[in-house]
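Coordinates from start.pdb are shown below (PDB, C-alpha atoms).
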ATOM      1  CA  MET A   1     105.266 125.941 154.555
ATOM      2  CA  HIS A   2     106.580 124.703 151.206
ATOM      3  CA  HIS A   3     106.786 120.917 150.851
ATOM      4  CA  HIS A   4     110.004 119.707 149.236
ATOM      5  CA  THR A   5     110.098 116.364 147.369
ATOM      6  CA  PRO A   6     113.268 114.381 148.064
ATOM      7  CA  PRO A   7     115.480 113.841 144.948
ATOM      8  CA  HIS A   8     115.254 110.028 145.122
ATOM      9  CA  THR A   9     111.435 110.249 144.799
ATOM     10  CA  LEU A  10     111.721 112.425 141.655
ATOM     11  CA  GLN A  11     114.140 109.919 140.155
ATOM     12  CA  LYS A  12     111.729 107.070 140.845
ATOM     13  CA  ARG A  13     108.883 108.948 139.101
ATOM     14  CA  ARG A  14     110.990 109.496 135.975
ATOM     15  CA  LEU A  15     111.764 105.776 135.748
ATOM     16  CA  ASN A  16     108.060 104.913 135.715
ATOM     17  CA  PHE A  17     107.392 106.518 132.311
ATOM     18  CA  SER A  18     105.327 104.227 130.076
ATOM     19  CA  VAL A  19     104.629 105.066 126.442
ATOM     20  CA  ASN A  20     101.253 103.304 126.845
ATOM     21  CA  ASP A  21     100.183 106.140 129.144
ATOM     22  CA  HIS A  22     100.765 108.632 126.317
ATOM     23  CA  ILE A  23      98.671 107.428 123.372
ATOM     24  CA  ASP A  24      99.406 110.493 121.234
ATOM     25  CA  ILE A  25     103.155 109.754 121.456
ATOM     26  CA  LEU A  26     102.556 106.058 120.775
ATOM     27  CA  ILE A  27     100.534 106.894 117.646
ATOM     28  CA  GLU A  28     103.330 109.176 116.409
ATOM     29  CA  ILE A  29     105.847 106.352 116.915
ATOM     30  CA  LEU A  30     103.704 103.714 115.196
ATOM     31  CA  LYS A  31     103.032 106.127 112.300
ATOM     32  CA  ARG A  32     106.715 105.976 111.396
ATOM     33  CA  LEU A  33     106.916 102.181 111.053
ATOM     34  CA  ASP A  34     106.879 100.223 107.816
ATOM     35  CA  GLY A  35     104.075  97.729 107.149
ATOM     36  CA  ARG A  36     105.880  94.658 108.503
ATOM     37  CA  SER A  37     106.890  96.437 111.717
ATOM     38  CA  LEU A  38     103.366  97.785 112.188
ATOM     39  CA  GLY A  39     102.059  94.220 111.961
ATOM     40  CA  VAL A  40     104.603  93.084 114.560
ATOM     41  CA  ALA A  41     103.715  96.039 116.833
ATOM     42  CA  ALA A  42     100.090  94.881 116.754
ATOM     43  CA  CYS A  43     101.227  91.739 118.625
ATOM     44  CA  VAL A  44     102.755  93.635 121.582
ATOM     45  CA  CYS A  45      99.573  94.148 123.611
ATOM     46  CA  ARG A  46      95.866  94.940 123.232
ATOM     47  CA  LEU A  47      96.417  98.697 123.210
ATOM     48  CA  TRP A  48      99.048  98.518 120.467
ATOM     49  CA  SER A  49      96.858  96.100 118.515
ATOM     50  CA  THR A  50      93.892  98.487 118.705
ATOM     51  CA  ILE A  51      96.005 101.427 117.553
ATOM     52  CA  ALA A  52      97.709  99.394 114.797
ATOM     53  CA  ARG A  53      94.272  98.497 113.385
ATOM     54  CA  ASN A  54      93.475 102.194 112.979
ATOM     55  CA  ASP A  55      93.006 102.799 109.266
ATOM     56  CA  SER A  56      94.568 106.274 109.431
ATOM     57  CA  LEU A  57      97.957 104.689 110.261
ATOM     58  CA  TRP A  58      97.680 102.492 107.171
ATOM     59  CA  GLU A  59      96.513 105.468 105.083
ATOM     60  CA  ASN A  60      99.625 107.336 106.196
ATOM     61  CA  LEU A  61     101.741 104.285 105.277
ATOM     62  CA  CYS A  62     100.150 103.977 101.819
ATOM     63  CA  PHE A  63     100.712 107.606 100.920
ATOM     64  CA  ARG A  64     103.977 108.261 102.777
ATOM     65  CA  HIS A  65     106.017 108.441  99.576
ATOM     66  CA  VAL A  66     103.567 110.369  97.425
ATOM     67  CA  ILE A  67     104.262 113.709  95.766
ATOM     68  CA  SER A  68     100.723 114.852  96.551
ATOM     69  CA  PRO A  69      98.109 112.741  98.357
ATOM     70  CA  PRO A  70      94.993 111.681  96.432
ATOM     71  CA  PRO A  71      91.875 113.844  96.765
ATOM     72  CA  SER A  72      89.703 113.348  99.845
ATOM     73  CA  THR A  73      86.978 111.781  97.650
ATOM     74  CA  VAL A  74      89.211 108.669  97.386
ATOM     75  CA  ARG A  75      88.949 107.892 101.123
ATOM     76  CA  PRO A  76      85.296 106.654 101.162
ATOM     77  CA  VAL A  77      86.030 104.407  98.164
ATOM     78  CA  ILE A  78      89.076 102.820  99.833
ATOM     79  CA  VAL A  79      87.183 102.335 103.099
ATOM     80  CA  ALA A  80      84.210 100.761 101.270
ATOM     81  CA  LEU A  81      86.516  98.330  99.437
ATOM     82  CA  GLY A  82      88.255  97.051 102.560
ATOM     83  CA  GLY A  83      90.300  99.936 103.974
ATOM     84  CA  TYR A  84      93.834 101.233 103.738
ATOM     85  CA  LYS A  85      95.427  98.193 105.389
ATOM     86  CA  ARG A  86      93.979  96.059 102.609
ATOM     87  CA  LEU A  87      95.140  98.586  99.971
ATOM     88  CA  TYR A  88      98.628  98.372 101.450
ATOM     89  CA  MET A  89      98.650  94.545 101.530
ATOM     90  CA  VAL A  90      97.131  94.032  98.064
ATOM     91  CA  CYS A  91      98.784  96.798  96.031
ATOM     92  CA  VAL A  92     101.398  98.897  97.798
ATOM     93  CA  ARG A  93     103.434  96.201  99.578
ATOM     94  CA  PRO A  94     103.934  93.959  96.498
ATOM     95  CA  VAL A  95     105.104  96.940  94.434
ATOM     96  CA  LEU A  96     107.467  98.194  97.163
ATOM     97  CA  SER A  97     108.762  94.662  97.589
ATOM     98  CA  ARG A  98     109.521  94.331  93.863
ATOM     99  CA  LEU A  99     111.185  97.752  93.798
ATOM    100  CA  GLY A 100     113.274  96.753  96.816
ATOM    101  CA  ARG A 101     114.371  93.487  95.162
ATOM    102  CA  ARG A 102     115.268  95.304  91.966
ATOM    103  CA  PHE A 103     117.405  97.845  93.804
ATOM    104  CA  ARG A 104     119.076  95.148  95.951
ATOM    105  CA  LEU A 105     119.995  93.214  92.801
ATOM    106  CA  GLY A 106     121.411  96.430  91.373
ATOM    107  CA  GLY A 107     123.766  96.741  94.341
ATOM    108  CA  GLU A 108     121.853  99.367  96.325
ATOM    109  CA  SER A 109     120.565  98.754  99.821
ATOM    110  CA  SER A 110     116.755  98.601 100.025
ATOM    111  CA  ASP A 111     116.932 101.004 102.982
ATOM    112  CA  ARG A 112     118.219 103.636 100.596
ATOM    113  CA  VAL A 113     115.220 103.296  98.255
ATOM    114  CA  LYS A 114     113.417 106.559  98.938
ATOM    115  CA  ARG A 115     111.392 106.698  95.745
ATOM    116  CA  VAL A 116     108.540 109.175  95.583
ATOM    117  CA  TRP A 117     105.342 107.914  93.950
ATOM    118  CA  THR A 118     103.675 110.076  91.318
ATOM    119  CA  ARG A 119      99.958 110.835  91.276
ATOM    120  CA  ASP A 120      99.536 108.469  88.287
ATOM    121  CA  GLU A 121     101.161 105.575  90.179
ATOM    122  CA  ILE A 122      98.828 106.149  93.115
ATOM    123  CA  GLN A 123      95.803 106.265  90.801
ATOM    124  CA  LEU A 124      96.957 103.003  89.205
ATOM    125  CA  SER A 125      97.385 101.406  92.623
ATOM    126  CA  ILE A 126      93.859 102.438  93.639
ATOM    127  CA  SER A 127      92.472 101.167  90.317
ATOM    128  CA  LEU A 128      94.167  97.777  90.848
ATOM    129  CA  PHE A 129      92.699  97.709  94.342
ATOM    130  CA  CYS A 130      89.203  98.221  92.897
ATOM    131  CA  VAL A 131      89.823  95.457  90.331
ATOM    132  CA  ASP A 132      90.933  93.092  93.108
ATOM    133  CA  TYR A 133      87.780  93.857  95.106
ATOM    134  CA  TYR A 134      85.457  93.166  92.187
ATOM    135  CA  GLU A 135      87.330  89.982  91.262
ATOM    136  CA  ARG A 136      86.893  88.728  94.851
ATOM    137  CA  LEU A 137      83.248  89.741  94.771
ATOM    138  CA  GLY A 138      82.761  87.700  91.566
ATOM    139  CA  ARG A 139      84.421  84.629  93.125
ATOM    140  CA  ILE A 140      82.393  84.888  96.328
ATOM    141  CA  GLY A 141      79.117  85.376  94.449
ATOM    142  CA  GLY A 142      79.912  82.479  92.123
ATOM    143  CA  GLY A 143      80.301  84.846  89.173
ATOM    144  CA  GLY A 144      82.605  84.427  86.219
ATOM    145  CA  GLY A 145      85.781  85.191  88.220
ATOM    146  CA  ASP A 146      88.633  82.679  88.031
ATOM    147  CA  ALA A 147      88.900  81.200  91.535
ATOM    148  CA  SER A 148      92.356  79.694  90.920
ATOM    149  CA  ALA A 149      94.283  82.907  90.315
ATOM    150  CA  SER A 150      93.902  86.647  90.563
ATOM    151  CA  SER A 151      94.983  88.890  87.703
ATOM    152  CA  LEU A 152      96.782  91.017  90.314
ATOM    153  CA  MET A 153      99.283  88.252  91.042
ATOM    154  CA  PHE A 154     101.501  89.741  88.312
ATOM    155  CA  LEU A 155     102.568  92.280  90.936
ATOM    156  CA  CYS A 156     104.502  89.539  92.727
ATOM    157  CA  LYS A 157     106.234  88.092  89.637
ATOM    158  CA  PRO A 158     109.197  89.512  87.713
ATOM    159  CA  VAL A 159     108.323  91.037  84.350
ATOM    160  CA  ASN A 160     110.750  91.449  81.449
ATOM    161  CA  VAL A 161     110.157  94.742  79.715
TER     162      VAL A 161
END

Encoded form (structure tokens):
Amino acid sequence: MHHHTPPHTLQKRRLNFSVNDHIDILIEILKRLDGRSLGVAACVCRLWSTIARNDSLWENLCFRHVISPPPSTVRPVIVALGGYKRLYMVCVRPVLSRLGRRFRLGGESSDRVKRVWTRDEIQLSISLFCVDYYERLGRIGGGGGDASASSLMFLCKPVNV
């Protein structure tokens, strides 16, 4: 005898869908967020926080707008110097923020800024990241680094060219 499930029971099951039960879908959703939204998503619950700390999400965010991603040999260097979230916070976000401000002042909406980064720009970003790491290392170790300001702060200030 074939057991038939009543329609109201099927409806109830469909309403109980939780994205937290499908981590692969959740990761795909979080992968599409910008940096600020990913930080906010980390505050939703422990599961989201754990996933949002995953460096591969931040790697994806750093290189989302790149013509061709950097070679795989770059990954161990970035991880050793603090990870892709740190690369995003120190180098990528300030540059994107300045680009966004510049385009907003020019009358364009920042949402429409879909600029693709060249390989040289990515290499420069990674180089600045390395400089930032060694400057911090010098300050922590009491070396000759200037504790009052970082040379990378120019990323946050307007420059007349």

Requested in this report: Tell me which residues the PyMOL selection byres ((chain A and resi 69) around 12) grabs here, as a count of residues only.
Outcome: 24

Requested in this report: Skip Ser125 (chain A) itself and residues of its chain fewer than 6 positions away, then list as a VMD selection string all residues within 9 Å of it, counting only C-alpha atoms.
Outcome: chain A and resid 87 91 to 92

**Report entry** Target residues per the PyMOL selection byres ((chain A and resi 25-41) around 10), formatted as a ChimeraX atom specification
**Finding:** /A:18-24,42-45,47-49,51-54,56-62,64,85,88-89,92-93

Just-selected residues, C-alpha atoms written as an mmCIF file, in the frame of the given file:
data_model
loop_
_atom_site.group_PDB
_atom_site.id
_atom_site.type_symbol
_atom_site.label_atom_id
_atom_site.label_comp_id
_atom_site.auth_asym_id
_atom_site.auth_seq_id
_atom_site.Cartn_x
_atom_site.Cartn_y
_atom_site.Cartn_z
ATOM 1 C CA SER A 18 105.327 104.227 130.076
ATOM 2 C CA VAL A 19 104.629 105.066 126.442
ATOM 3 C CA ASN A 20 101.253 103.304 126.845
ATOM 4 C CA ASP A 21 100.183 106.140 129.144
ATOM 5 C CA HIS A 22 100.765 108.632 126.317
ATOM 6 C CA ILE A 23 98.671 107.428 123.372
ATOM 7 C CA ASP A 24 99.406 110.493 121.234
ATOM 8 C CA ALA A 42 100.090 94.881 116.754
ATOM 9 C CA CYS A 43 101.227 91.739 118.625
ATOM 10 C CA VAL A 44 102.755 93.635 121.582
ATOM 11 C CA CYS A 45 99.573 94.148 123.611
ATOM 12 C CA LEU A 47 96.417 98.697 123.210
ATOM 13 C CA TRP A 48 99.048 98.518 120.467
ATOM 14 C CA SER A 49 96.858 96.100 118.515
ATOM 15 C CA ILE A 51 96.005 101.427 117.553
ATOM 16 C CA ALA A 52 97.709 99.394 114.797
ATOM 17 C CA ARG A 53 94.272 98.497 113.385
ATOM 18 C CA ASN A 54 93.475 102.194 112.979
ATOM 19 C CA SER A 56 94.568 106.274 109.431
ATOM 20 C CA LEU A 57 97.957 104.689 110.261
ATOM 21 C CA TRP A 58 97.680 102.492 107.171
ATOM 22 C CA GLU A 59 96.513 105.468 105.083
ATOM 23 C CA ASN A 60 99.625 107.336 106.196
ATOM 24 C CA LEU A 61 101.741 104.285 105.277
ATOM 25 C CA CYS A 62 100.150 103.977 101.819
ATOM 26 C CA ARG A 64 103.977 108.261 102.777
ATOM 27 C CA LYS A 85 95.427 98.193 105.389
ATOM 28 C CA TYR A 88 98.628 98.372 101.450
ATOM 29 C CA MET A 89 98.650 94.545 101.530
ATOM 30 C CA VAL A 92 101.398 98.897 97.798
ATOM 31 C CA ARG A 93 103.434 96.201 99.578
#

Requested in this report: Can you work out the spacing between CA of Tyr134 (chain A) and CA of Val95 (chain A) in Å, to one decimal?
Outcome: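 Distance reported for this atom pair: 20.1 Å.
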
Query raised in the report: In Å to one decimal, how far is CA of Leu137 (chain A) from CA of Val77 (chain A)?
Result: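 These two atoms are separated by 15.3 Å.
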
Report task. One decimal, Å: what's the distance from CA of Ala80 (chain A) over to CA of Thr50 (chain A), could you say? Result ->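 Pair CA of Ala80 (chain A) / CA of Thr50 (chain A) returns 20.1 Å.
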
Report task. Could you tell me which of A:Asp55, A:Pro76, A:Arg46, A:Val90 comes closest to Val131 (chain A) if we count all atoms listed in the file? Result -> A:Val90
